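Visitor: So I've got this file, input-v6.cif, and it contains mmCIF, C-alpha atoms and all ligand atoms:
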data_input
loop_
_atom_site.label_atom_id
_atom_site.label_comp_id
_atom_site.auth_asym_id
_atom_site.auth_seq_id
_atom_site.Cartn_x
_atom_site.Cartn_y
_atom_site.Cartn_z
CA MET Q 125 3.52 197.54 5.64
CA LYS Q 126 2.57 200.56 7.68
CA THR Q 127 0.56 199.91 10.84
CA ILE Q 128 -0.83 202.15 13.56
CA HIS Q 129 2.54 201.85 15.33
CA ASP Q 130 3.99 204.06 12.58
CA LEU Q 131 1.48 206.88 13.11
CA ASP Q 132 1.91 209.77 15.52
CA VAL Q 133 -1.58 209.68 17.03
CA LYS Q 134 -1.28 211.76 20.22
CA GLY Q 135 -3.97 214.43 20.30
CA LYS Q 136 -5.18 213.41 16.83
CA LYS Q 137 -8.60 212.35 15.58
CA VAL Q 138 -8.33 208.92 14.01
CA LEU Q 139 -11.04 207.52 11.73
CA VAL Q 140 -10.92 203.74 12.10
CA ARG Q 141 -12.87 201.50 9.70
CA VAL Q 142 -13.76 198.44 11.75
CA ASP Q 143 -15.88 195.39 10.97
CA PHE Q 144 -18.66 195.53 13.56
CA ASN Q 145 -20.98 193.46 11.39
CA VAL Q 146 -22.06 191.38 14.41
CA PRO Q 147 -25.12 189.13 14.63
CA LEU Q 148 -28.01 190.57 16.70
CA ASP Q 149 -31.09 188.79 18.03
CA LYS Q 150 -34.57 190.28 17.63
CA ASN Q 151 -34.12 192.35 20.80
CA TYR Q 152 -30.88 193.77 19.35
CA ASN Q 153 -28.64 191.84 21.73
CA ILE Q 154 -25.28 190.86 20.24
CA THR Q 155 -25.17 187.06 19.99
CA ASP Q 156 -21.49 186.84 19.04
CA ASP Q 157 -19.14 189.78 19.65
CA THR Q 158 -16.02 188.17 18.11
CA ARG Q 159 -15.72 190.91 15.47
CA MET Q 160 -15.82 193.64 18.14
CA GLN Q 161 -13.31 191.80 20.31
CA LYS Q 162 -10.93 191.46 17.36
CA ALA Q 163 -10.95 195.24 16.80
CA LEU Q 164 -10.09 196.02 20.43
CA PRO Q 165 -6.27 195.83 20.17
CA THR Q 166 -6.31 198.63 17.59
CA ILE Q 167 -8.93 200.74 19.39
CA ASN Q 168 -7.25 200.40 22.80
CA ASN Q 169 -3.80 201.08 21.42
CA LEU Q 170 -4.98 204.34 19.84
CA LEU Q 171 -6.85 205.41 22.99
CA VAL Q 172 -3.89 204.68 25.28
CA ARG Q 173 -1.64 206.74 23.01
CA GLY Q 174 -3.88 209.78 23.39
CA ALA Q 175 -5.99 209.67 20.23
CA SER Q 176 -9.70 210.34 19.83
CA VAL Q 177 -11.16 207.39 17.96
CA ILE Q 178 -13.95 207.69 15.39
CA LEU Q 179 -15.32 204.28 14.46
CA ALA Q 180 -17.02 203.57 11.12
CA SER Q 181 -18.60 200.24 10.20
CA HIS Q 182 -21.38 198.65 8.24
CA LEU Q 183 -23.94 196.30 9.79
CA GLY Q 184 -26.00 193.91 7.68
CA ARG Q 185 -27.21 194.62 4.17
CA PRO Q 186 -29.75 197.46 4.44
CA GLN Q 187 -29.75 198.00 0.64
CA LYS Q 188 -31.03 194.44 0.15
CA ASP Q 189 -33.30 194.42 3.19
CA LYS Q 190 -34.92 197.87 2.86
CA ASN Q 191 -37.83 199.38 4.78
CA GLU Q 192 -41.27 198.97 3.19
CA ASP Q 193 -41.10 202.54 1.80
CA GLY Q 194 -37.79 201.73 0.07
CA SER Q 195 -35.59 203.72 2.49
CA ILE Q 196 -32.36 202.09 3.68
CA LYS Q 197 -32.10 203.42 7.24
CA VAL Q 198 -33.31 200.12 8.65
CA GLU Q 199 -33.77 200.15 12.45
CA LYS Q 200 -32.36 196.64 12.99
CA TYR Q 201 -29.14 197.62 11.24
CA SER Q 202 -28.49 200.73 13.35
CA LEU Q 203 -25.11 200.79 15.08
CA LYS Q 204 -26.75 202.49 18.06
CA HIS Q 205 -27.56 198.93 19.26
CA LEU Q 206 -23.81 198.41 19.74
CA VAL Q 207 -23.10 201.43 21.93
CA GLU Q 208 -23.71 199.80 25.30
CA HIS Q 209 -21.59 196.75 24.56
CA LEU Q 210 -18.82 198.88 23.08
CA ALA Q 211 -18.72 200.91 26.32
CA GLU Q 212 -18.43 197.67 28.32
CA VAL Q 213 -15.60 196.16 26.28
CA THR Q 214 -13.55 199.35 25.87
CA ASP Q 215 -14.19 201.05 29.20
CA ALA Q 216 -14.24 204.34 27.27
CA GLU Q 217 -16.74 207.17 26.94
CA ILE Q 218 -18.80 206.45 23.81
CA LYS Q 219 -20.60 209.13 21.79
CA PHE Q 220 -22.90 208.20 18.94
CA ALA Q 221 -23.50 210.05 15.66
CA ASN Q 222 -26.87 209.44 13.99
CA ASP Q 223 -25.29 209.72 10.57
CA CYS Q 224 -21.78 208.71 9.50
CA VAL Q 225 -21.28 212.11 7.81
CA GLY Q 226 -22.77 215.62 7.83
CA GLY Q 227 -22.59 218.84 9.84
CA GLU Q 228 -23.80 217.43 13.14
CA THR Q 229 -21.38 214.50 12.93
CA GLU Q 230 -18.50 216.82 12.04
CA LEU Q 231 -19.29 218.87 15.13
CA LYS Q 232 -19.33 215.76 17.33
CA ALA Q 233 -15.99 214.66 15.85
CA GLU Q 234 -14.50 218.09 16.43
CA ARG Q 235 -15.56 218.09 20.10
CA LEU Q 236 -14.28 214.57 20.75
CA LYS Q 237 -11.58 214.49 23.42
CA PRO Q 238 -8.51 212.21 23.61
CA GLY Q 239 -9.51 208.82 25.06
CA GLU Q 240 -13.11 209.13 23.80
CA ILE Q 241 -14.83 207.17 21.05
CA LEU Q 242 -17.34 208.44 18.52
CA LEU Q 243 -19.28 205.57 16.93
CA LEU Q 244 -20.76 206.52 13.57
CA GLU Q 245 -24.10 205.25 12.27
CA ASN Q 246 -24.03 202.44 9.67
CA THR Q 247 -22.02 203.51 6.61
CA ARG Q 248 -24.38 201.46 4.43
CA PHE Q 249 -27.23 203.81 5.30
CA HIS Q 250 -25.76 205.79 2.39
CA GLU Q 251 -26.22 204.34 -1.12
CA GLY Q 252 -22.78 205.74 -1.96
CA GLU Q 253 -20.96 203.44 0.48
CA SER Q 254 -20.96 200.28 -1.64
CA LYS Q 255 -20.44 202.33 -4.82
CA GLY Q 256 -17.19 203.74 -3.43
CA ASP Q 257 -18.70 207.22 -3.79
CA LEU Q 258 -16.20 210.11 -3.84
CA GLU Q 259 -18.45 212.66 -2.14
CA LEU Q 260 -19.21 210.29 0.76
CA ALA Q 261 -15.51 209.47 1.08
CA ILE Q 262 -14.57 213.18 1.13
CA GLN Q 263 -17.15 213.84 3.84
CA LEU Q 264 -15.84 210.94 5.92
CA SER Q 265 -12.26 212.16 5.52
CA ARG Q 266 -13.27 215.55 6.94
CA LEU Q 267 -13.94 213.94 10.32
CA ALA Q 268 -10.35 213.02 11.16
CA ASP Q 269 -6.62 213.76 10.86
CA LEU Q 270 -5.65 210.13 10.31
CA TYR Q 271 -7.24 207.05 8.73
CA VAL Q 272 -6.85 203.43 9.81
CA ASN Q 273 -8.38 200.40 8.15
CA ASP Q 274 -8.84 197.44 10.48
CA ALA Q 275 -11.84 195.87 8.70
CA PHE Q 276 -10.30 192.79 7.10
CA GLY Q 277 -13.76 191.27 6.56
CA THR Q 278 -14.56 193.99 3.99
CA ALA Q 279 -11.04 194.52 2.62
CA HIS Q 280 -12.11 192.86 -0.66
CA ARG Q 281 -14.70 195.61 -1.23
CA ALA Q 282 -13.85 198.96 -2.85
CA HIS Q 283 -16.37 200.85 -0.74
CA ALA Q 284 -16.30 204.53 0.27
CA SER Q 285 -15.30 203.86 3.89
CA THR Q 286 -12.96 200.93 3.18
CA ALA Q 287 -11.01 202.18 0.17
CA THR Q 288 -12.01 205.52 -1.44
CA VAL Q 289 -11.69 207.49 1.80
CA ALA Q 290 -8.02 206.53 2.08
CA ASN Q 291 -7.28 208.59 -1.05
CA TYR Q 292 -7.99 211.74 0.96
CA PHE Q 293 -5.22 211.09 3.50
CA GLU Q 294 -1.50 211.55 2.77
CA SER Q 295 0.49 208.30 2.83
CA ASP Q 296 1.97 209.14 6.25
CA HIS Q 297 -1.52 209.84 7.62
CA LYS Q 298 -2.99 206.37 7.04
CA ALA Q 299 -2.13 202.85 8.17
CA LEU Q 300 -3.38 199.31 8.67
CA GLY Q 301 -4.94 198.32 11.98
CA LEU Q 302 -3.47 195.49 14.03
CA LEU Q 303 -6.12 192.92 13.06
CA MET Q 304 -5.72 193.71 9.37
CA TYR Q 305 -1.95 193.40 9.72
CA SER Q 306 -2.10 190.05 11.51
CA GLU Q 307 -4.53 188.62 8.92
CA ILE Q 308 -2.17 189.59 6.09
CA GLU Q 309 0.88 188.41 8.00
CA SER Q 310 -0.72 185.00 8.66
CA ALA Q 311 -1.73 184.48 5.04
CA ASP Q 312 1.72 185.58 3.83
CA LYS Q 313 3.33 183.14 6.25
CA LEU Q 314 1.63 180.36 4.31
CA LEU Q 315 1.84 181.74 0.80
CA LYS Q 316 5.19 183.53 0.72
CA SER Q 317 7.60 182.06 3.22
CA PRO Q 318 6.12 178.84 4.62
CA LYS Q 319 7.93 176.31 6.74
CA ARG Q 320 7.63 173.10 4.71
CA PRO Q 321 5.91 170.78 4.23
CA VAL Q 322 2.87 172.99 3.69
CA ILE Q 323 -0.54 171.36 3.54
CA ALA Q 324 -3.88 172.80 2.50
CA ILE Q 325 -7.10 171.14 3.56
CA VAL Q 326 -9.89 172.32 1.31
CA GLY Q 327 -13.54 171.42 1.77
CA GLY Q 328 -16.96 173.00 1.64
CA ALA Q 329 -19.81 172.59 -0.75
CA LYS Q 330 -18.69 173.51 -4.23
CA VAL Q 331 -15.66 173.20 -6.47
CA SER Q 332 -16.84 176.26 -8.41
CA ASP Q 333 -16.41 178.46 -5.29
CA LYS Q 334 -12.88 177.23 -4.61
CA ILE Q 335 -11.45 176.51 -8.05
CA LYS Q 336 -9.25 179.63 -8.09
CA LEU Q 337 -8.00 178.82 -4.59
CA LEU Q 338 -7.11 175.26 -5.63
CA GLU Q 339 -5.33 176.50 -8.76
CA LYS Q 340 -3.23 178.87 -6.65
CA LEU Q 341 -2.60 176.37 -3.85
CA VAL Q 342 -1.29 173.52 -6.00
CA ALA Q 343 1.50 175.86 -7.07
CA VAL Q 344 2.41 176.85 -3.50
CA VAL Q 345 1.80 173.95 -1.14
CA ASP Q 346 3.19 170.39 -0.95
CA HIS Q 347 -0.05 168.53 -0.17
CA VAL Q 348 -3.74 169.28 -0.71
CA CYS Q 349 -6.40 167.22 1.07
CA ILE Q 350 -9.75 167.69 -0.66
CA GLY Q 351 -12.85 166.82 1.35
CA GLY Q 352 -16.45 167.99 1.75
CA GLY Q 353 -18.88 168.25 -1.14
CA MET Q 354 -16.23 169.36 -3.58
CA ALA Q 355 -14.44 166.00 -3.49
CA TYR Q 356 -17.19 164.28 -5.53
CA THR Q 357 -16.55 166.34 -8.65
CA PHE Q 358 -12.93 165.15 -8.51
CA ILE Q 359 -13.93 161.53 -7.78
CA LYS Q 360 -16.43 161.47 -10.66
CA SER Q 361 -13.91 163.09 -13.01
CA ASN Q 362 -11.61 160.15 -12.18
CA GLY Q 363 -14.36 157.73 -13.25
CA GLY Q 364 -15.91 157.02 -9.83
CA SER Q 365 -19.63 156.65 -9.05
CA VAL Q 366 -20.88 159.35 -6.71
CA GLY Q 367 -24.63 158.59 -6.58
CA ASN Q 368 -26.61 161.66 -5.52
CA SER Q 369 -23.61 163.40 -3.93
CA ILE Q 370 -23.19 167.08 -4.68
CA CYS Q 371 -21.24 167.17 -7.95
CA GLU Q 372 -20.62 169.83 -10.58
CA ASN Q 373 -20.43 168.10 -13.95
CA ASP Q 374 -19.40 171.37 -15.66
CA TYR Q 375 -16.27 171.46 -13.53
CA MET Q 376 -15.00 167.93 -14.17
CA ASP Q 377 -12.56 169.06 -16.88
CA LEU Q 378 -11.19 171.75 -14.56
CA ALA Q 379 -10.86 169.17 -11.79
CA GLN Q 380 -8.77 167.02 -14.14
CA GLU Q 381 -6.67 170.05 -15.10
CA ILE Q 382 -5.94 170.74 -11.44
CA LEU Q 383 -4.97 167.11 -10.84
CA LYS Q 384 -2.64 167.28 -13.84
CA LYS Q 385 -1.15 170.63 -12.80
CA ALA Q 386 -0.51 169.25 -9.32
CA LYS Q 387 1.21 166.17 -10.75
CA ASP Q 388 3.44 168.32 -13.00
CA LEU Q 389 4.40 170.50 -10.02
CA GLY Q 390 5.00 167.58 -7.66
CA THR Q 391 2.13 168.59 -5.36
CA GLU Q 392 0.31 165.61 -3.86
CA ILE Q 393 -3.47 165.73 -3.97
CA HIS Q 394 -5.26 163.48 -1.48
CA LEU Q 395 -8.88 162.63 -2.26
CA PRO Q 396 -11.17 160.75 0.16
CA ILE Q 397 -10.82 156.97 0.03
CA ASP Q 398 -14.05 156.27 1.91
CA ASN Q 399 -17.17 158.26 2.67
CA LEU Q 400 -20.08 158.26 5.06
CA ILE Q 401 -23.10 158.11 2.78
CA ALA Q 402 -26.78 158.61 3.56
CA ASP Q 403 -30.11 157.82 1.87
CA ASP Q 404 -31.45 161.27 2.79
CA PHE Q 405 -30.07 164.75 3.56
CA ALA Q 406 -31.13 164.38 7.20
CA ASN Q 407 -29.57 163.74 10.59
CA ASP Q 408 -31.65 160.57 11.07
CA ALA Q 409 -31.06 159.16 7.58
CA ASN Q 410 -29.79 155.59 7.10
CA THR Q 411 -26.03 155.70 6.71
CA LYS Q 412 -23.12 153.46 5.74
CA VAL Q 413 -19.44 153.78 4.93
CA VAL Q 414 -18.36 152.86 1.39
CA PRO Q 415 -15.28 153.36 -0.79
CA SER Q 416 -15.47 156.89 -2.23
CA SER Q 417 -15.71 155.84 -5.87
CA GLU Q 418 -18.50 153.32 -5.21
CA ILE Q 419 -21.40 155.42 -3.96
CA PRO Q 420 -24.63 153.71 -5.08
CA ASP Q 421 -27.50 155.49 -6.86
CA ASN Q 422 -29.91 157.26 -4.49
CA TRP Q 423 -27.22 157.62 -1.79
CA GLU Q 424 -25.13 160.71 -1.18
CA GLY Q 425 -21.79 161.32 0.51
CA LEU Q 426 -22.20 163.68 3.45
CA ASP Q 427 -18.92 163.19 5.29
CA ILE Q 428 -15.47 161.70 4.76
CA GLY Q 429 -15.11 158.17 6.16
CA PRO Q 430 -12.90 156.85 9.01
CA LYS Q 431 -10.07 155.66 6.71
CA THR Q 432 -9.96 159.11 5.10
CA ILE Q 433 -9.88 160.84 8.50
CA GLU Q 434 -6.91 158.64 9.35
CA LYS Q 435 -5.17 159.31 6.03
CA PHE Q 436 -5.72 163.10 6.17
CA SER Q 437 -4.55 163.08 9.82
CA GLU Q 438 -1.27 161.38 8.84
CA VAL Q 439 -0.62 164.07 6.22
CA ILE Q 440 -1.58 166.88 8.62
CA MET Q 441 0.74 165.57 11.37
CA LYS Q 442 3.72 165.75 9.00
CA ALA Q 443 3.05 169.40 8.10
CA GLN Q 444 4.93 172.44 9.36
CA SER Q 445 2.36 174.84 7.90
CA ILE Q 446 -1.38 174.19 7.56
CA LEU Q 447 -4.16 176.05 5.81
CA TRP Q 448 -7.72 174.87 6.34
CA ASN Q 449 -10.64 176.23 4.35
CA GLY Q 450 -14.02 174.49 4.31
CA PRO Q 451 -15.59 171.62 6.30
CA MET Q 452 -15.12 167.93 5.43
CA GLY Q 453 -18.83 167.17 5.54
CA VAL Q 454 -22.23 168.52 6.51
CA PHE Q 455 -20.95 169.22 10.03
CA GLU Q 456 -24.09 171.18 10.92
CA MET Q 457 -25.73 167.73 11.39
CA GLU Q 458 -24.23 165.61 14.18
CA THR Q 459 -24.33 162.41 12.12
CA PHE Q 460 -21.97 163.96 9.58
CA ASP Q 461 -19.62 166.02 11.77
CA LYS Q 462 -16.91 163.40 12.53
CA GLY Q 463 -14.69 164.21 9.53
CA THR Q 464 -14.69 167.95 10.21
CA TYR Q 465 -14.09 167.58 13.94
CA GLY Q 466 -11.48 164.86 13.31
CA VAL Q 467 -9.57 167.28 11.08
CA ALA Q 468 -10.06 170.11 13.63
CA LYS Q 469 -8.56 167.96 16.40
CA THR Q 470 -5.61 166.91 14.27
CA VAL Q 471 -4.89 170.49 13.19
CA ALA Q 472 -4.89 171.48 16.89
CA LYS Q 473 -2.54 168.58 17.70
CA ALA Q 474 -0.13 169.47 14.87
CA THR Q 475 -0.17 173.08 16.09
CA LYS Q 476 0.76 171.93 19.58
CA ASN Q 477 3.69 170.07 18.00
CA GLY Q 478 4.93 173.32 16.46
CA ALA Q 479 3.16 173.66 13.11
CA PHE Q 480 1.70 177.01 12.03
CA SER Q 481 -2.03 176.71 11.32
CA LEU Q 482 -4.36 179.18 9.66
CA ILE Q 483 -8.09 178.61 9.60
CA GLY Q 484 -8.77 180.59 6.49
CA GLY Q 485 -12.35 181.72 6.59
CA GLY Q 486 -15.77 180.31 5.76
CA ASP Q 487 -17.45 177.48 7.58
CA SER Q 488 -14.21 175.95 8.84
CA VAL Q 489 -14.09 178.94 11.23
CA ALA Q 490 -17.58 178.05 12.50
CA ALA Q 491 -16.44 174.42 12.81
CA ILE Q 492 -13.28 175.19 14.79
CA ASN Q 493 -15.31 177.44 17.11
CA LYS Q 494 -18.00 174.76 17.54
CA ALA Q 495 -15.28 172.22 18.33
CA GLY Q 496 -13.97 174.61 21.02
CA LEU Q 497 -10.51 174.55 19.42
CA ALA Q 498 -10.16 178.15 18.19
CA ASP Q 499 -7.48 178.81 20.84
CA SER Q 500 -5.56 175.68 19.84
CA VAL Q 501 -4.69 176.82 16.32
CA SER Q 502 -2.30 179.60 15.30
CA PHE Q 503 -4.73 181.99 13.60
CA VAL Q 504 -8.46 182.05 12.87
CA SER Q 505 -9.32 184.49 10.11
CA THR Q 506 -12.19 186.96 10.54
CA GLY Q 507 -12.67 187.45 6.82
CA GLY Q 508 -14.33 184.66 4.81
CA GLY Q 509 -14.54 186.25 1.35
CA ALA Q 510 -11.58 188.58 1.94
CA MET Q 511 -9.29 185.73 3.07
CA LEU Q 512 -10.37 183.55 0.16
CA GLU Q 513 -9.57 186.35 -2.32
CA TYR Q 514 -6.25 187.12 -0.63
CA LEU Q 515 -5.25 183.45 -0.71
CA GLU Q 516 -6.25 183.32 -4.39
CA GLY Q 517 -3.64 186.02 -4.99
CA LYS Q 518 -6.00 188.94 -5.62
CA THR Q 519 -5.14 192.50 -4.57
CA LEU Q 520 -7.65 193.63 -1.96
CA PRO Q 521 -8.81 197.27 -2.44
CA GLY Q 522 -8.88 197.93 1.32
CA ILE Q 523 -5.20 196.99 1.64
CA LYS Q 524 -4.09 198.65 -1.61
CA ALA Q 525 -5.70 201.95 -0.56
CA ILE Q 526 -3.30 202.05 2.40
CA THR Q 527 -0.16 200.42 1.06
CA GLY Q 528 -0.37 201.82 -2.50
P1 LIG Q 601 -18.16 176.57 2.13
O1 LIG Q 601 -18.92 177.83 2.43
O2 LIG Q 601 -17.78 176.41 0.69
O3 LIG Q 601 -17.04 176.33 3.09
O4 LIG Q 601 -19.24 175.40 2.32
C1 LIG Q 601 -19.67 175.02 3.57
C2 LIG Q 601 -20.85 174.11 3.42
O5 LIG Q 601 -20.49 172.93 2.74
C3 LIG Q 601 -21.38 173.67 4.77
O6 LIG Q 601 -22.64 174.24 4.98
C4 LIG Q 601 -21.45 172.16 4.66
O7 LIG Q 601 -22.65 171.62 5.15
C5 LIG Q 601 -21.36 171.94 3.16
N1 LIG Q 601 -20.86 170.60 2.83
C6 LIG Q 601 -19.73 170.02 3.25
N2 LIG Q 601 -19.65 168.75 2.80
C7 LIG Q 601 -20.76 168.52 2.08
C8 LIG Q 601 -21.27 167.40 1.37
N3 LIG Q 601 -20.59 166.25 1.33
N4 LIG Q 601 -22.45 167.52 0.75
C9 LIG Q 601 -23.14 168.68 0.80
N5 LIG Q 601 -22.73 169.78 1.45
C10 LIG Q 601 -21.54 169.71 2.08
#
Before anything else, please render the file you have as structure tokens.
Guide:
Amino acid sequence: MKTIHDLDVKGKKVLVRVDFNVPLDKNYNITDDTRMQKALPTINNLLVRGASVILASHLGRPQKDKNEDGSIKVEKYSLKHLVEHLAEVTDAEIKFANDCVGGETELKAERLKPGEILLLENTRFHEGESKGDLELAIQLSRLADLYVNDAFGTAHRAHASTATVANYFESDHKALGLLMYSEIESADKLLKSPKRPVIAIVGGAKVSDKIKLLEKLVAVVDHVCIGGGMAYTFIKSNGGSVGNSICENDYMDLAQEILKKAKDLGTEIHLPIDNLIADDFANDANTKVVPSSEIPDNWEGLDIGPKTIEKFSEVIMKAQSILWNGPMGVFEMETFDKGTYGVAKTVAKATKNGAFSLIGGGDSVAAINKAGLADSVSFVSTGGGAMLEYLEGKTLPGIKAITG
């Protein structure tokens, strides 16, 4: 896989697609700059090697959240709000282009000196961006000599700036950024050449969102621990009573198929043995711990129970490779966060003992950050949907456009 290390960048203009889709408060202050921080290794490497860096990104969903007159140049989604912070974290001279393409922007790109950054306005201010529009891609390609994609978070989208634009650069004029490379490398470490035993911990709200992931994982890993809301569909499909717990009756046959497939392949599936149940979806609800298949009517399971935390922890501690996707309960409420944080702590402990651990997107990333353990695991993915699709075995357009 070609990375920026394979490009001769000295004196060149490099168009870098980054994921600067950062959260802003109502005064346009960045409330979490993780996505910008993660792009810095690529940006700094290019600058140090004498390139001029042109950064393209989207921010928010202006097409869905338009101005009252129907226009999509929405003030709160302007990348100009990021200029000051970008200057602080890169220590470079930042220029800003009010449009990601066009004559004025081309002129600014042309005048850009080595070591300087030109930040382009939101690519999604053009309708053509999410349609993968050829004309927009051609205009973007005119800005630079080389193209780099470092936006793993949007690698599953065939947009103009993430995929189509790459068609207008020769194969030796485009490469993956360092973040993109490390995301792919981490996922491949688990899927293609894992140290065994490999364990996947899968949670979250719905089986329907993760069914493809589970189908893929049972064929690759040695153990799957299923927690969170999705466990109840499996428990009910085995004949258990789940009360009011989140459960997808339409997916019970598929749940049984996965259990059977796992058995045939010798993959062990671990379902919760006890659950913390509540009489209301509220932090101050009445709660009790019951066996997972005996949840009474009018009660719902909102976290895995203490015996399950212990059982999952035993499995995790034996693993050499760990993938975690999705929380074990409604961790946003303190009453129901013990399972998720218990798993987070055990994953950190197993990592300290030498296991490789990938926190593969979604709310498990929020959970590991909230637990303050992001630095105690091997890799925390920046791409929820993109990582899920990559783990499911799909080809991501943003990667394919570079690697062919
Ligand atoms: P996902 O995006 O699929 O990882 O789902 C994350 C969401 O699943 C979080 O907002 C959790 O609150 C929710 N969740 C986890 N366990 C449960 C549960 N037992 N019942 C309802 N929601 C849950």
Visitor: Excluding segment 224-233 of chain Q and its own-chain neighbours fewer than 4 positions away, which residues fall within 7 Å of it when counting all atoms listed in the file? Please give them as a JSON list (two decimals) with C-alpha atoms, in the coordinates of the input.
Guide:
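Output file around.json follows:
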[["chain", "number", "residue", "atom", "x", "y", "z"],
["Q", 242, "LEU", "CA", -17.34, 208.44, 18.52],
["Q", 244, "LEU", "CA", -20.76, 206.52, 13.57],
["Q", 245, "GLU", "CA", -24.10, 205.25, 12.27],
["Q", 246, "ASN", "CA", -24.03, 202.44, 9.67],
["Q", 247, "THR", "CA", -22.02, 203.51, 6.61],
["Q", 263, "GLN", "CA", -17.15, 213.84, 3.84],
["Q", 264, "LEU", "CA", -15.84, 210.94, 5.92],
["Q", 267, "LEU", "CA", -13.94, 213.94, 10.32]]
Visitor: Report the distance between atom CA of Lys237 of chain Q and atom CA of Met304 of chain Q in Å, rounded to one decimal place.
Guide: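 Atom-to-atom, atom CA of Lys237 of chain Q and atom CA of Met304 of chain Q are spaced 25.8 Å apart.
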Visitor: Using all atoms listed in the file, find each residue with an atom at most 7 Å away from ligand LIG 601 (chain Q) and format the answer as a list in words.
Guide: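 Residues lying within 7 Å of ligand LIG 601 (chain Q): Gly327, Gly328, Ala329, Lys330, Asp333, Gly352, Gly353, Ser369, Ile370, Gly425, Leu426, Asp427, Asn449, Gly450, Pro451, Met452, Gly453, Val454, Phe455, Glu456, Gly486, Asp487 and Ser488 of chain Q.
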Visitor: Find the residues near segment 274-285 of chain Q: any atom within 6 Å, counting all atoms listed in the file, skip ones fewer than 3 places away on the same chain, and give them as an MDAnalysis selection string.
Guide: chainID Q and resid 141:143 253:257 261 288:289 301 303:304 507 510 520:522
Visitor: Nearest to Ile446 of chain Q among Q:Ile419, Q:Leu315, Q:Met511, Q:Ile492, with distances taken over all atoms listed in the file: which residue is it?
Guide: Q:Leu315
Visitor: Which residue is closest to Ser445 of chain Q? Choose from Q:Leu482, Q:Leu170, Q:Leu338, Q:Ala402 and count all atoms listed in the file.
Guide: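 Among the listed residues, Q:Leu482 lies closest to Ser445 of chain Q.
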Visitor: Find the spatial neighbours of Val172 of chain Q, counting only C-alpha atoms, within a cut-off of 10 Å - ignore same-chain residues fewer than 2 positions away - and output them as a list of chain:residue names.
Guide: Q:Val133, Q:Lys134, Q:Ile167, Q:Asn168, Q:Asn169, Q:Leu170, Q:Gly174, Q:Ala175, Q:Ser176, Q:Pro238, Q:Gly239
Visitor: Where's the centre, and what are the edge lengths in Å to one decimal, of a box along x, y and z enclosing all listed atoms of segment 185-194 of chain Q padded 5 Å per side, as lines of an AutoDock Vina configuration file?
Guide:
center_x = -34.2
center_y = 198.5
center_z = 2.4
size_x = 24.1
size_y = 18.1
size_z = 14.7
Visitor: When you look at Asn477 of chain Q with a cut-off of 12 Å (counting all atoms listed in the file), what residues show up, excluding the ones that are within fewer than 5 positions of it in the same chain? I need them as a ChimeraX atom specification.
Guide: /Q:440-445,470-472,500-502
Visitor: Excluding Ala299 of chain Q and any residue of its chain fewer than 2 positions from it, enumerate the residues within 9 Å of it, using all atoms listed in the file, and give them as a PyMOL selection string.
Guide: chain Q and resi 125-131+270-274+295-297+301+526-527
Visitor: Go ahead and dump the residues you just picked, C-alpha atoms, as a PDB file, keeping the file's coordinate frame.
Guide:
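Below is the file that was written, part_11.pdb:
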ATOM      1  CA  MET Q 125       3.520 197.540   5.640  1.00  0.00           C
ATOM      2  CA  LYS Q 126       2.570 200.560   7.680  1.00  0.00           C
ATOM      3  CA  THR Q 127       0.560 199.910  10.840  1.00  0.00           C
ATOM      4  CA  ILE Q 128      -0.830 202.150  13.560  1.00  0.00           C
ATOM      5  CA  HIS Q 129       2.540 201.850  15.330  1.00  0.00           C
ATOM      6  CA  ASP Q 130       3.990 204.060  12.580  1.00  0.00           C
ATOM      7  CA  LEU Q 131       1.480 206.880  13.110  1.00  0.00           C
ATOM      8  CA  LEU Q 270      -5.650 210.130  10.310  1.00  0.00           C
ATOM      9  CA  TYR Q 271      -7.240 207.050   8.730  1.00  0.00           C
ATOM     10  CA  VAL Q 272      -6.850 203.430   9.810  1.00  0.00           C
ATOM     11  CA  ASN Q 273      -8.380 200.400   8.150  1.00  0.00           C
ATOM     12  CA  ASP Q 274      -8.840 197.440  10.480  1.00  0.00           C
ATOM     13  CA  SER Q 295       0.490 208.300   2.830  1.00  0.00           C
ATOM     14  CA  ASP Q 296       1.970 209.140   6.250  1.00  0.00           C
ATOM     15  CA  HIS Q 297      -1.520 209.840   7.620  1.00  0.00           C
ATOM     16  CA  GLY Q 301      -4.940 198.320  11.980  1.00  0.00           C
ATOM     17  CA  ILE Q 526      -3.300 202.050   2.400  1.00  0.00           C
ATOM     18  CA  THR Q 527      -0.160 200.420   1.060  1.00  0.00           C
TER      19      THR Q 527
END
Visitor: Compare Q:Thr464, Q:Met457, Q:Gly517, Q:Lys435 by their minimum atom-to-atom distance to Asn493 of chain Q, counting only C-alpha atoms, and give me the closest one.
Guide: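 Going through Q:Thr464, Q:Met457, Q:Gly517, Q:Lys435 one by one, the smallest distance to Asn493 of chain Q is for Q:Thr464.
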Visitor: Identify which of the residues Q:Ala491, Q:Leu314, Q:Leu260, Q:Ala180 lies closest to Ala163 of chain Q, counting all atoms listed in the file when measuring atom-to-atom distances.
Guide: Q:Ala180
Visitor: Atom CA of Val414 of chain Q to atom CA of Tyr465 of chain Q: how many Å, to one decimal?
Guide: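 Interatomic distance, atom CA of Val414 of chain Q to atom CA of Tyr465 of chain Q: 19.8 Å.
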Visitor: For Ile523 of chain Q, which residue among Q:Ile483, Q:Ala287, Q:Val322, Q:Val331 is the nearest when counting all atoms listed in the file?
Guide: Q:Ala287
Visitor: Within 10 Å of (-23.2, 160.6, -5.4) (file coordinates; only C-alpha atoms), which protein or nucleic acid residues are there? I'd like them as a list of chain:residue names.
Guide: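 Protein and nucleic acid residues near the point are Q:Gly353, Q:Tyr356, Q:Thr357, Q:Ile359, Q:Lys360, Q:Gly364, Q:Ser365, Q:Val366, Q:Gly367, Q:Asn368, Q:Ser369, Q:Ile370, Q:Cys371, Q:Ile401, Q:Ala402, Q:Ser416, Q:Ser417, Q:Glu418, Q:Ile419, Q:Pro420, Q:Asp421, Q:Asn422, Q:Trp423, Q:Glu424, Q:Gly425, Q:Leu426.
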